[in-house]
Amino acid sequence: MQVLPDIMQEINEVMGLVDEGQLDAAMPLITKDKRIFVIGAGRSGFQAKGFAMRLMHIGYTDYVMGETITPSIQKGDTWVAISGSGTTKGIVSDTEAAKKLGLNIIAFTSNDQSPLAQLADKVVVVPGATKTGAGVKSIQLLSTLFDQTVHITLDALTLKLAKRDDTSNQDALNEHVNVE
């Protein structure tokens with residue numbers, strides 16, 4: 001049984017539905033003079049950590065919520081929340097707290113009507129299937145399609161930021177771990 005052609009078709013379908021203009025609209029909230037805090041739960045949390053790593057590589061000051069070295073959030077910081085359903089309780093409640101403290105909120109979700117999206121200043125809709133059944137239907141388990149496509153979308157945002165900031169691949173490599 002072959003599944004790779006179907007998986008690639010699903011990824012291409014979802015990526016064709018992502019509005020790159022939403023990425024462009026979010027970009028002004030991500031600048032090197034602001035601290036960036038990322039949050040996600042489960043596999044969305046893994047995608048958030050991957051995004052945080054790339055932000056660091058291109059010269060941003062960023063943190064992953066829940067890590068022991070994460071400082072307090074402050075008014076004017078930027079908060080990037082990732083939840084396929086947009087209803088994950090911990091992510092929504094933490095984002096509510098961030099909003100009350102005056103952070104700029106960017107949400108990555110499959111549901112632009114979700115509680116998370118309603119809290120956001122900028123929303124990027126990545127309509128891959130989630131565990132709740134929202135988004136483009138998939139043969140894959142749970143939120144796998146959302147996870148795959150939000151990863152690509154976050155990498156696209158990182159590339160756009162690097163190009164805007166004139167950050168080269170060599171610049172990013174210079175920030176990459178050098179003891180491995």
# chains A, B, ... in the order shown; residues from 1 in each chain; ligands from 1
$ residues_around --residues "region 119-128 of chain A" --least-positions-apart "3" --cutoff "9 Å" --atoms "only C-alpha atoms" --output "JSON, numbers by chain"
{"A": [10, 11, 13, 14, 15, 17, 18, 19, 20, 21, 22, 23, 25, 26, 29, 81, 84, 92, 95, 96, 99, 104, 105, 106, 107, 108, 109, 110, 111, 112, 114, 115, 116, 134, 135, 136, 137, 138, 143, 144, 145, 146, 147, 148, 149, 150, 153]}
$ write_last_selection --atoms "C-alpha atoms" --output "PDB file, in the first residue's frame"
ATOM      1  CA  GLU A  10      -2.685  16.669   0.898  1.00  0.00           C
ATOM      2  CA  ILE A  11       0.312  18.861   1.790  1.00  0.00           C
ATOM      3  CA  GLU A  13      -3.550  21.163  -1.277  1.00  0.00           C
ATOM      4  CA  VAL A  14      -3.211  22.794   2.138  1.00  0.00           C
ATOM      5  CA  MET A  15      -0.191  24.896   1.155  1.00  0.00           C
ATOM      6  CA  LEU A  17      -4.771  27.445   0.551  1.00  0.00           C
ATOM      7  CA  VAL A  18      -2.383  29.289   2.886  1.00  0.00           C
ATOM      8  CA  ASP A  19      -2.676  33.024   2.217  1.00  0.00           C
ATOM      9  CA  GLU A  20       0.877  34.369   2.012  1.00  0.00           C
ATOM     10  CA  GLY A  21      -0.592  37.821   2.577  1.00  0.00           C
ATOM     11  CA  GLN A  22      -1.395  36.730   6.142  1.00  0.00           C
ATOM     12  CA  LEU A  23       2.312  36.023   6.666  1.00  0.00           C
ATOM     13  CA  ALA A  25       0.611  41.040   7.618  1.00  0.00           C
ATOM     14  CA  ALA A  26       2.184  39.280  10.624  1.00  0.00           C
ATOM     15  CA  LEU A  29       4.957  42.241  14.670  1.00  0.00           C
ATOM     16  CA  ALA A  81       0.602  30.780  19.447  1.00  0.00           C
ATOM     17  CA  GLY A  84      -4.545  23.512  14.926  1.00  0.00           C
ATOM     18  CA  VAL A  92      -5.984  29.825  24.767  1.00  0.00           C
ATOM     19  CA  THR A  95      -2.780  33.720  25.161  1.00  0.00           C
ATOM     20  CA  GLU A  96      -5.572  35.511  27.031  1.00  0.00           C
ATOM     21  CA  LYS A  99      -3.183  39.742  25.544  1.00  0.00           C
ATOM     22  CA  ASN A 104       1.121  41.509  20.177  1.00  0.00           C
ATOM     23  CA  ILE A 105      -0.533  38.197  19.322  1.00  0.00           C
ATOM     24  CA  ILE A 106      -0.011  36.106  16.188  1.00  0.00           C
ATOM     25  CA  ALA A 107      -2.019  32.872  15.920  1.00  0.00           C
ATOM     26  CA  PHE A 108      -1.385  29.959  13.593  1.00  0.00           C
ATOM     27  CA  THR A 109      -4.521  27.802  13.418  1.00  0.00           C
ATOM     28  CA  SER A 110      -6.758  25.939  11.007  1.00  0.00           C
ATOM     29  CA  ASN A 111      -9.847  27.750  12.300  1.00  0.00           C
ATOM     30  CA  ASP A 112     -10.106  31.513  11.874  1.00  0.00           C
ATOM     31  CA  SER A 114     -11.597  29.735  16.998  1.00  0.00           C
ATOM     32  CA  PRO A 115     -11.112  31.280  20.447  1.00  0.00           C
ATOM     33  CA  LEU A 116      -7.366  31.551  19.743  1.00  0.00           C
ATOM     34  CA  ALA A 134     -11.392  20.844  11.161  1.00  0.00           C
ATOM     35  CA  GLY A 135      -9.468  21.701   8.011  1.00  0.00           C
ATOM     36  CA  VAL A 136      -8.732  19.815   4.811  1.00  0.00           C
ATOM     37  CA  LYS A 137      -9.575  16.150   5.340  1.00  0.00           C
ATOM     38  CA  SER A 138      -6.655  13.738   5.575  1.00  0.00           C
ATOM     39  CA  SER A 143      -3.391  16.613  13.401  1.00  0.00           C
ATOM     40  CA  THR A 144      -0.520  15.295  11.288  1.00  0.00           C
ATOM     41  CA  LEU A 145      -1.492  17.325   8.212  1.00  0.00           C
ATOM     42  CA  PHE A 146      -1.729  20.536  10.246  1.00  0.00           C
ATOM     43  CA  ASP A 147       1.634  19.804  11.872  1.00  0.00           C
ATOM     44  CA  GLN A 148       3.331  19.221   8.519  1.00  0.00           C
ATOM     45  CA  THR A 149       1.899  22.308   6.877  1.00  0.00           C
ATOM     46  CA  VAL A 150       2.319  24.675   9.818  1.00  0.00           C
ATOM     47  CA  THR A 153       4.380  27.844   6.811  1.00  0.00           C
TER      48      THR A 153
END
$ atom_distance --atom1 "CA of Asp155 (chain A)" --atom2 "CA of Ala48 (chain A)"
10.8 Å
$ residues_around --residues "region 158-162 of chain A" --least-positions-apart "4" --cutoff "12 Å" --atoms "only C-alpha atoms" --output "number ranges by chain"
A: 20-21, 23-32, 50-60, 151-154, 166-172
$ atom_distance --atom1 "CA of Tyr63 (chain A)" --atom2 "CA of Glu180 (chain A)"
21.8 Å
$ select_by_dssp --residues "chain A" --states "alpha helix (DSSP H)" --output "PyMOL selection string"
chain A and resi 4-17+20-26+42-57+89-100+115-119+144-164+169-175
$ closest_residue --among "A:Met8, A:Met1, A:Ile82, A:Ile69" --to "Gly40 (chain A)" --atoms "only C-alpha atoms"
A:Ile82
$ atom_distance --atom1 "CA of Gly102 (chain A)" --atom2 "CA of Asp77 (chain A)"
7.8 Å
$ select_by_dssp --residues "region 5-169 of chain A" --states "strand (DSSP E)" --output "ChimeraX atom specification"
/A:35-40,61-64,78-82,104-109,122-125
$ closest_residue --among "A:Leu141, A:Ala97, A:Ile91, A:Leu103" --to "Lys75 (chain A)" --atoms "only C-alpha atoms"
A:Leu103
$ closest_residue --among "A:Leu101, A:Gly16, A:Gly86, A:Gly66" --to "Gln113 (chain A)" --atoms "only C-alpha atoms"
A:Gly86
